[in-house]
$ cat my_file.txt   # compact mmCIF, C-alpha atoms and all ligand atoms
# COMPACT_ATOMS: atom_id res chain seq x y z
CA MET A 1026 0.00 0.00 0.00
CA ASN A 1027 1.44 3.33 -1.07
CA ASN A 1028 1.21 5.84 1.75
CA LEU A 1029 0.59 8.80 -0.56
CA THR A 1030 2.06 10.98 2.12
CA ASP A 1031 1.76 14.28 0.28
CA PHE A 1032 -1.82 13.82 -0.95
CA GLU A 1033 -4.47 15.66 1.01
CA PRO A 1034 -7.80 15.72 -0.85
CA ASP A 1035 -9.70 19.00 -0.55
CA ASP A 1036 -13.30 20.00 -1.34
CA ARG A 1037 -12.49 20.85 -4.92
CA TRP A 1038 -10.78 17.52 -5.67
CA ILE A 1039 -13.48 15.49 -3.91
CA LEU A 1040 -16.27 17.30 -5.78
CA ALA A 1041 -14.49 16.84 -9.11
CA GLN A 1042 -14.48 13.03 -8.68
CA ARG A 1043 -18.22 12.77 -8.09
CA THR A 1044 -20.72 11.08 -10.35
CA ALA A 1045 -24.34 12.25 -10.72
CA LYS A 1046 -26.79 12.38 -7.81
CA ASN A 1047 -29.86 10.13 -7.72
CA PRO A 1048 -33.20 11.77 -8.52
CA VAL A 1049 -34.96 12.54 -5.23
CA ASP A 1050 -38.23 14.17 -4.20
CA VAL A 1051 -38.20 16.49 -1.21
CA ARG A 1052 -41.80 15.48 -0.41
CA GLN A 1053 -40.69 11.91 0.31
CA PRO A 1054 -37.95 10.28 2.37
CA TYR A 1055 -35.65 8.36 0.05
CA ALA A 1056 -35.93 5.21 2.19
CA TRP A 1057 -37.45 3.93 5.43
CA LEU A 1058 -37.17 0.64 7.28
CA ALA A 1059 -37.60 -1.04 10.64
CA GLU A 1060 -35.01 -3.44 12.01
CA PRO A 1061 -34.16 -5.00 15.35
CA GLU A 1062 -31.49 -3.39 17.53
CA ARG A 1063 -30.14 -4.27 20.93
CA THR A 1064 -31.10 -1.56 23.44
CA ALA A 1065 -28.98 -0.26 26.30
CA ALA A 1066 -31.35 -2.13 28.63
CA GLY A 1067 -30.36 -5.43 26.99
CA THR A 1068 -33.59 -6.10 25.11
CA VAL A 1069 -33.89 -6.41 21.34
CA GLU A 1070 -36.48 -4.02 19.92
CA GLN A 1071 -37.59 -2.82 16.53
CA VAL A 1072 -36.14 0.56 15.56
CA ALA A 1073 -37.52 2.59 12.66
CA THR A 1074 -35.12 4.51 10.42
CA VAL A 1075 -36.30 7.28 8.12
CA PHE A 1076 -33.78 8.47 5.54
CA LEU A 1077 -34.82 12.06 5.00
CA THR A 1078 -34.38 13.85 1.69
CA ASN A 1079 -32.89 17.30 2.22
CA LYS A 1080 -30.18 19.75 1.25
CA GLU A 1081 -26.71 18.31 0.88
CA CYS A 1082 -24.36 18.38 3.85
CA PRO A 1083 -21.95 21.37 3.79
CA PHE A 1084 -18.97 19.12 4.57
CA ARG A 1085 -17.16 17.15 1.89
CA CYS A 1086 -15.71 14.11 3.58
CA LEU A 1087 -13.53 11.99 1.35
CA MET A 1088 -15.34 8.69 1.97
CA CYS A 1089 -18.90 10.06 2.05
CA ASP A 1090 -21.50 8.96 -0.50
CA LEU A 1091 -24.54 10.35 1.31
CA TRP A 1092 -24.68 13.37 -1.02
CA LYS A 1093 -26.10 11.06 -3.69
CA ASN A 1094 -29.60 11.28 -2.21
CA THR A 1095 -29.70 15.00 -1.42
CA THR A 1096 -30.86 18.21 -3.06
CA ASP A 1097 -28.80 21.29 -3.91
CA GLU A 1098 -31.36 23.74 -2.57
CA LYS A 1099 -32.33 24.63 0.98
CA THR A 1100 -35.06 22.30 2.23
CA PRO A 1101 -38.46 24.05 1.97
CA ALA A 1102 -40.48 24.67 5.12
CA GLY A 1103 -42.82 21.81 5.96
CA ALA A 1104 -41.04 19.21 3.80
CA ILE A 1105 -39.39 17.34 6.68
CA PRO A 1106 -42.55 16.94 8.83
CA HIS A 1107 -44.35 15.81 5.67
CA GLN A 1108 -41.66 13.19 4.99
CA ILE A 1109 -41.79 11.88 8.55
CA GLU A 1110 -45.57 11.61 8.39
CA TYR A 1111 -45.26 9.81 5.04
CA ALA A 1112 -42.79 7.26 6.45
CA LEU A 1113 -44.68 6.69 9.70
CA LYS A 1114 -47.80 5.76 7.74
CA ARG A 1115 -45.79 3.01 6.05
CA LEU A 1116 -43.74 1.74 8.99
CA PRO A 1117 -44.83 -0.66 11.73
CA PRO A 1118 -45.23 0.93 15.17
CA THR A 1119 -41.91 1.08 17.05
CA ARG A 1120 -40.70 2.73 20.26
CA HIS A 1121 -37.46 4.04 18.80
CA ILE A 1122 -36.73 6.03 15.66
CA LYS A 1123 -33.66 7.22 13.76
CA LEU A 1124 -33.98 10.30 11.58
CA TYR A 1125 -30.97 10.11 9.31
CA ASN A 1126 -30.68 13.02 6.91
CA SER A 1127 -27.48 12.33 4.94
CA GLY A 1128 -25.71 15.00 6.93
CA ASN A 1129 -26.43 16.96 10.06
CA PHE A 1130 -29.82 17.24 11.68
CA PHE A 1131 -28.82 20.63 13.13
CA ASP A 1132 -27.76 22.04 9.75
CA THR A 1133 -30.38 24.74 9.23
CA GLY A 1134 -30.18 24.40 5.42
CA ALA A 1135 -31.17 20.73 5.69
CA ILE A 1136 -33.71 20.83 8.53
CA PRO A 1137 -35.34 24.27 9.00
CA PRO A 1138 -35.46 25.04 12.75
CA ASP A 1139 -38.98 26.46 12.30
CA ASP A 1140 -40.03 22.87 11.60
CA TYR A 1141 -38.68 21.51 14.91
CA PRO A 1142 -42.04 21.85 16.73
CA ALA A 1143 -43.92 19.98 13.99
CA ILE A 1144 -41.20 17.31 13.83
CA ALA A 1145 -41.20 16.91 17.61
CA ALA A 1146 -44.99 16.56 17.66
CA LEU A 1147 -44.79 13.69 15.17
CA LEU A 1148 -42.18 12.04 17.39
CA ASP A 1149 -44.39 12.08 20.51
CA PRO A 1150 -44.99 8.29 20.44
CA PHE A 1151 -41.26 7.47 20.49
CA GLU A 1152 -39.16 6.76 23.58
CA THR A 1153 -35.89 7.31 21.73
CA VAL A 1154 -35.13 9.69 18.88
CA ILE A 1155 -31.74 9.35 17.22
CA VAL A 1156 -30.38 11.99 14.83
CA GLU A 1157 -26.93 12.50 13.33
CA ALA A 1158 -24.65 15.53 13.52
CA HIS A 1159 -21.08 16.69 12.89
CA PRO A 1160 -19.28 17.95 16.04
CA LYS A 1161 -19.14 21.47 14.60
CA LEU A 1162 -22.95 21.52 14.50
CA ILE A 1163 -23.58 20.21 17.99
CA ASN A 1164 -24.65 23.28 19.92
CA ALA A 1165 -27.59 25.01 21.60
CA ARG A 1166 -29.91 23.91 18.78
CA CYS A 1167 -29.61 20.33 20.08
CA LEU A 1168 -30.93 21.52 23.44
CA GLN A 1169 -33.74 23.45 21.79
CA PHE A 1170 -34.81 20.30 19.94
CA ARG A 1171 -34.30 18.05 23.00
CA ASP A 1172 -36.66 20.28 24.99
CA MET A 1173 -39.43 19.77 22.45
CA LEU A 1174 -39.26 15.96 22.56
CA LYS A 1175 -41.26 13.73 24.86
CA GLY A 1176 -38.72 10.93 24.35
CA ARG A 1177 -34.96 10.78 24.87
CA LEU A 1178 -32.65 12.36 22.31
CA GLU A 1179 -29.53 10.57 21.11
CA VAL A 1180 -27.03 12.06 18.65
CA ALA A 1181 -24.89 9.92 16.34
CA ILE A 1182 -21.52 11.48 15.52
CA GLY A 1183 -19.10 10.42 12.79
CA LEU A 1184 -15.80 9.95 14.58
CA GLU A 1185 -14.56 7.90 11.60
CA THR A 1186 -11.01 7.17 12.76
CA ALA A 1187 -8.73 7.88 15.70
CA HIS A 1188 -5.73 7.96 13.33
CA PRO A 1189 -5.02 11.71 13.44
CA GLY A 1190 -3.29 11.86 10.04
CA VAL A 1191 -6.00 9.88 8.26
CA LEU A 1192 -8.78 11.82 9.99
CA GLN A 1193 -7.20 15.00 8.66
CA ARG A 1194 -7.02 13.55 5.16
CA LEU A 1195 -10.67 12.52 5.25
CA ASN A 1196 -11.36 16.27 4.98
CA LYS A 1197 -13.76 15.92 7.91
CA ARG A 1198 -12.75 19.31 9.35
CA MET A 1199 -12.66 18.02 12.90
CA ASP A 1200 -10.11 16.50 15.23
CA LEU A 1201 -10.38 14.07 18.12
CA ASN A 1202 -10.82 16.89 20.61
CA ASP A 1203 -13.79 18.27 18.67
CA PHE A 1204 -15.34 14.81 19.00
CA ARG A 1205 -14.58 14.56 22.73
CA GLU A 1206 -15.95 18.07 23.35
CA SER A 1207 -19.19 17.24 21.54
CA VAL A 1208 -19.74 14.07 23.52
CA ARG A 1209 -18.99 15.97 26.75
CA PHE A 1210 -21.47 18.70 25.77
CA LEU A 1211 -24.19 16.18 24.97
CA THR A 1212 -23.59 14.06 28.06
CA GLY A 1213 -23.57 17.18 30.23
CA HIS A 1214 -27.03 18.00 28.91
CA GLY A 1215 -28.49 14.54 29.36
CA ILE A 1216 -28.27 13.63 25.67
CA GLN A 1217 -26.96 10.19 24.72
CA SER A 1218 -24.46 9.74 21.92
CA ARG A 1219 -23.19 7.07 19.58
CA ALA A 1220 -20.17 7.07 17.26
CA PHE A 1221 -19.86 6.01 13.65
CA THR A 1222 -16.40 4.50 13.16
CA LEU A 1223 -14.70 3.33 9.97
CA LEU A 1224 -12.91 0.05 9.46
CA ARG A 1225 -9.97 0.57 7.12
CA PRO A 1226 -10.37 4.08 5.74
CA PRO A 1227 -7.99 4.92 2.86
CA PHE A 1228 -4.20 5.11 3.26
CA LEU A 1229 -4.06 2.10 5.63
CA THR A 1230 -3.08 -1.53 5.14
CA GLU A 1231 -5.42 -4.27 6.40
CA PRO A 1232 -3.56 -4.77 9.71
CA GLU A 1233 -3.30 -0.99 10.21
CA GLY A 1234 -7.01 -0.72 9.43
CA VAL A 1235 -7.85 -3.27 12.13
CA TYR A 1236 -5.46 -1.67 14.64
CA TRP A 1237 -6.91 1.81 14.13
CA ALA A 1238 -10.52 0.60 14.14
CA LYS A 1239 -9.87 -0.84 17.62
CA ARG A 1240 -8.19 2.38 18.78
CA THR A 1241 -11.17 4.32 17.41
CA LEU A 1242 -13.53 2.26 19.59
CA ASP A 1243 -11.26 3.00 22.57
CA VAL A 1244 -11.38 6.75 21.88
CA ALA A 1245 -15.15 6.76 21.40
CA PHE A 1246 -15.94 4.86 24.59
CA GLU A 1247 -13.39 6.84 26.62
CA ALA A 1248 -15.13 10.01 25.41
CA GLY A 1249 -18.41 8.65 26.81
CA VAL A 1250 -20.55 7.38 23.93
CA GLY A 1251 -23.09 4.68 24.73
CA CYS A 1252 -22.50 2.71 21.56
CA CYS A 1253 -20.37 2.52 18.44
CA VAL A 1254 -21.16 1.43 14.91
CA VAL A 1255 -18.28 -0.14 12.95
CA ILE A 1256 -18.66 0.62 9.25
CA PRO A 1257 -16.49 -1.23 6.73
CA THR A 1258 -15.22 1.46 4.34
CA ARG A 1259 -16.28 1.11 0.72
CA ALA A 1260 -15.76 2.88 -2.58
CA GLY A 1261 -18.54 4.18 -4.82
CA ASN A 1262 -18.41 7.96 -4.51
CA GLY A 1263 -15.84 8.79 -7.18
CA GLY A 1264 -12.89 9.83 -5.03
CA MET A 1265 -12.72 6.52 -3.19
CA ASP A 1266 -12.83 4.63 -6.48
CA TRP A 1267 -9.89 6.67 -7.74
CA LEU A 1268 -7.95 5.93 -4.56
CA GLN A 1269 -8.75 2.23 -4.92
CA ALA A 1270 -7.60 2.19 -8.55
CA GLN A 1271 -4.32 3.84 -7.50
CA GLY A 1272 -3.79 1.34 -4.67
CA TYR A 1273 -4.40 3.82 -1.83
CA PHE A 1274 -7.58 2.15 -0.65
CA SER A 1275 -8.89 -1.40 -0.42
CA PRO A 1276 -12.14 -2.46 1.25
CA PRO A 1277 -11.57 -4.42 4.48
CA ALA A 1278 -12.11 -8.19 4.74
CA LEU A 1279 -15.10 -9.61 6.56
CA GLU A 1280 -12.74 -11.34 9.00
CA SER A 1281 -11.35 -7.94 9.98
CA LEU A 1282 -14.85 -6.70 10.76
CA GLU A 1283 -15.41 -9.78 12.93
CA ALA A 1284 -12.09 -9.19 14.72
CA VAL A 1285 -12.86 -5.52 15.44
CA MET A 1286 -16.35 -6.43 16.64
CA ALA A 1287 -14.97 -9.12 18.93
CA TYR A 1288 -12.51 -6.59 20.37
CA GLY A 1289 -15.20 -3.96 20.88
CA LEU A 1290 -17.66 -6.35 22.51
CA ARG A 1291 -15.00 -7.69 24.88
CA LEU A 1292 -14.25 -4.15 26.03
CA GLY A 1293 -17.64 -4.24 27.73
CA ALA A 1294 -17.74 -0.44 27.51
CA GLY A 1295 -21.03 -0.14 25.62
CA ARG A 1296 -22.89 -1.61 22.69
CA VAL A 1297 -21.00 -2.22 19.45
CA PHE A 1298 -22.77 -2.73 16.15
CA ALA A 1299 -21.40 -3.79 12.77
CA ASP A 1300 -22.90 -2.04 9.77
CA LEU A 1301 -24.07 -4.97 7.66
CA TRP A 1302 -25.17 -2.93 4.66
CA ASP A 1303 -23.83 -4.39 1.39
CA LEU A 1304 -21.86 -6.91 3.40
CA HIS A 1305 -21.18 -9.13 0.38
CA LEU A 1306 -18.80 -6.42 -0.91
CA PHE A 1307 -16.33 -7.47 1.77
CA SER A 1308 -16.20 -11.18 1.02
CA ASP A 1309 -14.99 -13.10 -1.99
CA CYS A 1310 -15.57 -16.52 -0.43
CA PRO A 1311 -19.06 -17.98 -1.03
CA ASP A 1312 -18.20 -20.90 1.26
CA CYS A 1313 -18.14 -18.89 4.48
CA PHE A 1314 -19.98 -15.66 3.69
CA GLU A 1315 -23.37 -16.71 5.12
CA GLN A 1316 -21.77 -18.07 8.30
CA ARG A 1317 -19.77 -14.90 8.85
CA LYS A 1318 -22.83 -12.77 8.20
CA ALA A 1319 -24.82 -14.81 10.73
CA ARG A 1320 -21.96 -14.47 13.25
CA LEU A 1321 -22.00 -10.68 12.85
CA GLU A 1322 -25.80 -10.61 13.19
CA THR A 1323 -25.49 -12.54 16.45
CA MET A 1324 -22.84 -10.09 17.66
CA ASN A 1325 -25.15 -7.18 16.86
CA LEU A 1326 -28.26 -8.59 18.48
CA HIS A 1327 -26.81 -10.44 21.45
CA GLN A 1328 -23.61 -8.42 22.04
CA THR A 1329 -21.70 -11.67 22.50
CA VAL A 1330 -18.75 -13.16 20.61
CA PRO A 1331 -19.66 -16.53 19.01
CA PRO A 1332 -16.90 -19.03 18.16
CA GLU A 1333 -14.76 -18.15 15.14
CA ILE A 1334 -15.71 -19.55 11.74
CA THR A 1335 -13.47 -22.10 10.07
CA CYS A 1336 -13.91 -21.87 6.32
CA VAL A 1337 -14.34 -25.20 4.52
CA SER A 1338 -12.23 -23.81 1.65
CA ASN A 1339 -9.62 -22.80 4.16
CA HIS A 1340 -9.41 -19.42 2.44
CA ARG A 1341 -7.16 -16.70 3.74
CA GLY A 1342 -8.92 -13.46 4.59
S1 LIG B 1401 -20.27 15.26 7.73
FE1 LIG B 1401 -21.23 13.25 7.38
S2 LIG B 1401 -22.76 13.60 5.78
FE2 LIG B 1401 -21.39 15.36 5.78
S3 LIG B 1401 -19.86 14.89 4.21
FE3 LIG B 1401 -19.03 14.20 6.19
S4 LIG B 1401 -19.63 12.04 6.37
FE4 LIG B 1401 -20.90 12.96 4.75
ZN ZN B 1402 -14.21 -18.81 3.18
$ encode --input "my_file.txt" --output "structure tokens"
Amino acid sequence: MNNLTDFEPDDRWILAQRTAKNPVDVRQPYAWLAEPERTAAGTVEQVATVFLTNKECPFRCLMCDLWKNTTDEKTPAGAIPHQIEYALKRLPPTRHIKLYNSGNFFDTGAIPPDDYPAIAALLDPFETVIVEAHPKLINARCLQFRDMLKGRLEVAIGLETAHPGVLQRLNKRMDLNDFRESVRFLTGHGIQSRAFTLLRPPFLTEPEGVYWAKRTLDVAFEAGVGCCVVIPTRAGNGGMDWLQAQGYFSPPALESLEAVMAYGLRLGAGRVFADLWDLHLFSDCPDCFEQRKARLETMNLHQTVPPEITCVSNHRG
């Protein structure tokens, strides 16, 4: 793996690599689903997720592909409550909900603050409301929104990686202290937090990727989050594909995700979830894929570490 030590992608380069956005309609969320998740209390409950359609995030992180389902214009007043209502009509009843908006819930261009009361009213039936935000946008607005909710607010923050040099090169415009400060701010105001962490971001070998994913879990839990999500890094946004073609990025192996999960669960510091989206991208062995997937699902739902898988093809991960 070439270290590409002098290459630091900026907004302009990242934007130039992009492909076209998907067509979206600001009157509808671009996706919605309900899936089981282990709660802090140790039960497994259905959690609804609504993927809101809104204005693109102002940050330009190197690995991000969330811009694909966003608009260029400021989100019109009333659109977000309408989308939530639309999704709730189509989702089964749940006690917990994630409102993921391809960016930052407290970005006023994406979610107009004048809509907070209407949004909060729609969320009355929920015990837990989870939104996502960048540390630079975690501020008094979070408290304003928290005060309108009947349920508990939780904020998901993209920590990505504890590797300071790689974090800088992800163009995330934050450092580890920004993350720690945000978690402290939220905790101090009775708001829960979770961290999104990346397994093998660009510029790292597979062993380095595993090492830094474990350190990232350490940093997140030491900062005080209640849970972490481990996301295997993938290409598909233009810039990442270029890096992969040049040998500066490779997607992690499924075995690495299992190893990082096992580490995180054994820490016993909080819940750890593997992002299982598009999981087949990280395996080229049909003989053990389903078993590994099932092992990760067990880790997610039971927060235990099942015995390791021995592949019948004896493949090397
Ligand atoms: S802050 Fe989040 S949504 Fe915005 S570009 Fe970075 S990763 Fe993507
Ligand atoms: Zn195998």
$ closest_residue --input "my_file.txt" --among "A:His1107, A:Arg1219, A:Arg1115, A:Arg1320" --to "Ala1143 (chain A)" --atoms "all atoms listed in the file"
A:His1107
$ residues_around --input "my_file.txt" --residues "Ile1182 (chain A)" --least-positions-apart "2" --cutoff "10 Å" --atoms "all atoms listed in the file" --output "PyMOL selection string"
chain A and resi 1129+1156-1160+1163+1179-1180+1184-1185+1204+1207-1208+1218-1222+1245+1250+1253
$ closest_atom_pairs --input "my_file.txt" --of "region 1304-1338 of chain A" --to "region 1273-1290 of chain A" --cutoff "9 Å" --atoms "all atoms listed in the file" --output "tab-separated table"
residue	atom	partner	partner_atom	distance
A:Leu1304	CA	A:Leu1279	CA	7.9
A:His1305	CA	A:Leu1279	CA	8.7
A:Leu1306	CA	A:Pro1276	CA	8.0
A:Phe1307	CA	A:Ala1278	CA	5.2
A:Ser1308	CA	A:Leu1279	CA	5.9
A:Asp1309	CA	A:Ala1278	CA	8.8
A:Phe1314	CA	A:Leu1279	CA	8.3
A:Arg1317	CA	A:Leu1279	CA	7.4
A:Lys1318	CA	A:Leu1279	CA	8.5
A:Arg1320	CA	A:Glu1283	CA	8.1
A:Leu1321	CA	A:Glu1283	CA	6.7
A:Met1324	CA	A:Met1286	CA	7.5
A:Asn1325	CA	A:Met1286	CA	8.8
A:Gln1328	CA	A:Leu1290	CA	6.3
A:Thr1329	CA	A:Leu1290	CA	6.7
A:Val1330	CA	A:Ala1287	CA	5.8
A:Pro1331	CA	A:Ala1287	CA	8.8
A:Glu1333	CA	A:Glu1283	CA	8.7
$ closest_atom_pairs --input "my_file.txt" --of "chain A" --to "ligand LIG 1401 (chain B)" --cutoff "8 Å" --atoms "only C-alpha atoms and all ligand atoms" --output "Markdown table"
| residue | atom | partner | partner_atom | distance |
| --- | --- | --- | --- | --- |
| A:Glu1081 | CA | B:LIG1401 | FE2 | 7.8 |
| A:Cys1082 | CA | B:LIG1401 | FE2 | 4.7 |
| A:Pro1083 | CA | B:LIG1401 | FE2 | 6.4 |
| A:Phe1084 | CA | B:LIG1401 | S3 | 4.3 |
| A:Arg1085 | CA | B:LIG1401 | S3 | 4.2 |
| A:Cys1086 | CA | B:LIG1401 | FE3 | 4.2 |
| A:Leu1087 | CA | B:LIG1401 | S3 | 7.5 |
| A:Met1088 | CA | B:LIG1401 | S4 | 7.0 |
| A:Cys1089 | CA | B:LIG1401 | FE4 | 4.4 |
| A:Asp1090 | CA | B:LIG1401 | FE4 | 6.6 |
| A:Leu1091 | CA | B:LIG1401 | FE4 | 5.6 |
| A:Trp1092 | CA | B:LIG1401 | FE4 | 6.9 |
| A:Ser1127 | CA | B:LIG1401 | S2 | 5.0 |
| A:Gly1128 | CA | B:LIG1401 | S2 | 3.5 |
| A:Asn1129 | CA | B:LIG1401 | S2 | 6.6 |
| A:Ala1158 | CA | B:LIG1401 | S1 | 7.3 |
| A:His1159 | CA | B:LIG1401 | S1 | 5.4 |
| A:Gly1183 | CA | B:LIG1401 | FE1 | 6.5 |
| A:Lys1197 | CA | B:LIG1401 | FE3 | 5.8 |
$ atom_distance --input "my_file.txt" --atom1 "CA of Leu1195 (chain A)" --atom2 "CA of Val1255 (chain A)"
16.7 Å
$ atom_distance --input "my_file.txt" --atom1 "CA of Ile1144 (chain A)" --atom2 "CA of Phe1210 (chain A)"
23.1 Å
$ residues_around --input "my_file.txt" --residues "region 1062-1069 of chain A" --least-positions-apart "2" --cutoff "8 Å" --atoms "all atoms listed in the file" --output "VMD selection string"
chain A and resid 1060 1071 to 1072 1251 1295 to 1296 1325 to 1328
$ closest_residue --input "my_file.txt" --among "A:Asp1172, A:Thr1096, A:Trp1267, A:Pro1226" --to "Gln1193 (chain A)" --atoms "all atoms listed in the file"
A:Pro1226
$ atom_distance --input "my_file.txt" --atom1 "CA of Val1297 (chain A)" --atom2 "CA of Tyr1055 (chain A)"
26.5 Å
$ axis_aligned_box --input "my_file.txt" --around "region 1148-1160 of chain A" --padding-each-side "6 Å" --output "lines of an AutoDock Vina configuration file"
center_x = -32.1
center_y = 12.4
center_z = 18.2
size_x = 37.7
size_y = 23.2
size_z = 22.7
$ decode --input "my_file.txt" --residues "region 1304-1320 of chain A" --atoms "N, CA and C atoms" --output "mmCIF file, in the first residue's frame"
data_model
loop_
_atom_site.group_PDB
_atom_site.id
_atom_site.type_symbol
_atom_site.label_atom_id
_atom_site.label_comp_id
_atom_site.auth_asym_id
_atom_site.auth_seq_id
_atom_site.Cartn_x
_atom_site.Cartn_y
_atom_site.Cartn_z
ATOM 1 N N LEU A 1304 -22.936 -6.136 2.778
ATOM 2 C CA LEU A 1304 -21.859 -6.913 3.405
ATOM 3 C C LEU A 1304 -21.104 -7.802 2.402
ATOM 4 N N HIS A 1305 -21.821 -8.244 1.359
ATOM 5 C CA HIS A 1305 -21.178 -9.127 0.378
ATOM 6 C C HIS A 1305 -19.975 -8.467 -0.295
ATOM 7 N N LEU A 1306 -19.932 -7.122 -0.282
ATOM 8 C CA LEU A 1306 -18.804 -6.421 -0.908
ATOM 9 C C LEU A 1306 -17.476 -6.756 -0.233
ATOM 10 N N PHE A 1307 -17.555 -7.269 0.995
ATOM 11 C CA PHE A 1307 -16.327 -7.466 1.771
ATOM 12 C C PHE A 1307 -15.915 -8.940 1.842
ATOM 13 N N SER A 1308 -16.542 -9.760 1.019
ATOM 14 C CA SER A 1308 -16.202 -11.182 1.023
ATOM 15 C C SER A 1308 -16.062 -11.664 -0.411
ATOM 16 N N ASP A 1309 -15.039 -12.468 -0.671
ATOM 17 C CA ASP A 1309 -14.992 -13.103 -1.991
ATOM 18 C C ASP A 1309 -15.013 -14.621 -1.830
ATOM 19 N N CYS A 1310 -15.521 -15.076 -0.672
ATOM 20 C CA CYS A 1310 -15.573 -16.522 -0.435
ATOM 21 C C CYS A 1310 -17.027 -16.956 -0.185
ATOM 22 N N PRO A 1311 -17.665 -17.549 -1.205
ATOM 23 C CA PRO A 1311 -19.063 -17.978 -1.027
ATOM 24 C C PRO A 1311 -19.205 -19.091 0.009
ATOM 25 N N ASP A 1312 -18.109 -19.767 0.332
ATOM 26 C CA ASP A 1312 -18.203 -20.900 1.262
ATOM 27 C C ASP A 1312 -18.400 -20.480 2.712
ATOM 28 N N CYS A 1313 -17.961 -19.276 3.077
ATOM 29 C CA CYS A 1313 -18.137 -18.891 4.485
ATOM 30 C C CYS A 1313 -18.909 -17.593 4.663
ATOM 31 N N PHE A 1314 -19.319 -16.957 3.559
ATOM 32 C CA PHE A 1314 -19.985 -15.655 3.693
ATOM 33 C C PHE A 1314 -21.215 -15.706 4.608
ATOM 34 N N GLU A 1315 -22.112 -16.667 4.344
ATOM 35 C CA GLU A 1315 -23.367 -16.707 5.120
ATOM 36 C C GLU A 1315 -23.092 -16.944 6.606
ATOM 37 N N GLN A 1316 -22.105 -17.789 6.895
ATOM 38 C CA GLN A 1316 -21.771 -18.071 8.299
ATOM 39 C C GLN A 1316 -21.218 -16.819 8.992
ATOM 40 N N ARG A 1317 -20.363 -16.111 8.260
ATOM 41 C CA ARG A 1317 -19.766 -14.899 8.848
ATOM 42 C C ARG A 1317 -20.835 -13.825 9.051
ATOM 43 N N LYS A 1318 -21.731 -13.737 8.084
ATOM 44 C CA LYS A 1318 -22.827 -12.766 8.196
ATOM 45 C C LYS A 1318 -23.679 -13.100 9.424
ATOM 46 N N ALA A 1319 -23.998 -14.392 9.578
ATOM 47 C CA ALA A 1319 -24.815 -14.812 10.728
ATOM 48 C C ALA A 1319 -24.074 -14.537 12.036
ATOM 49 N N ARG A 1320 -22.746 -14.740 12.030
ATOM 50 C CA ARG A 1320 -21.959 -14.465 13.247
ATOM 51 C C ARG A 1320 -22.031 -12.972 13.619
#
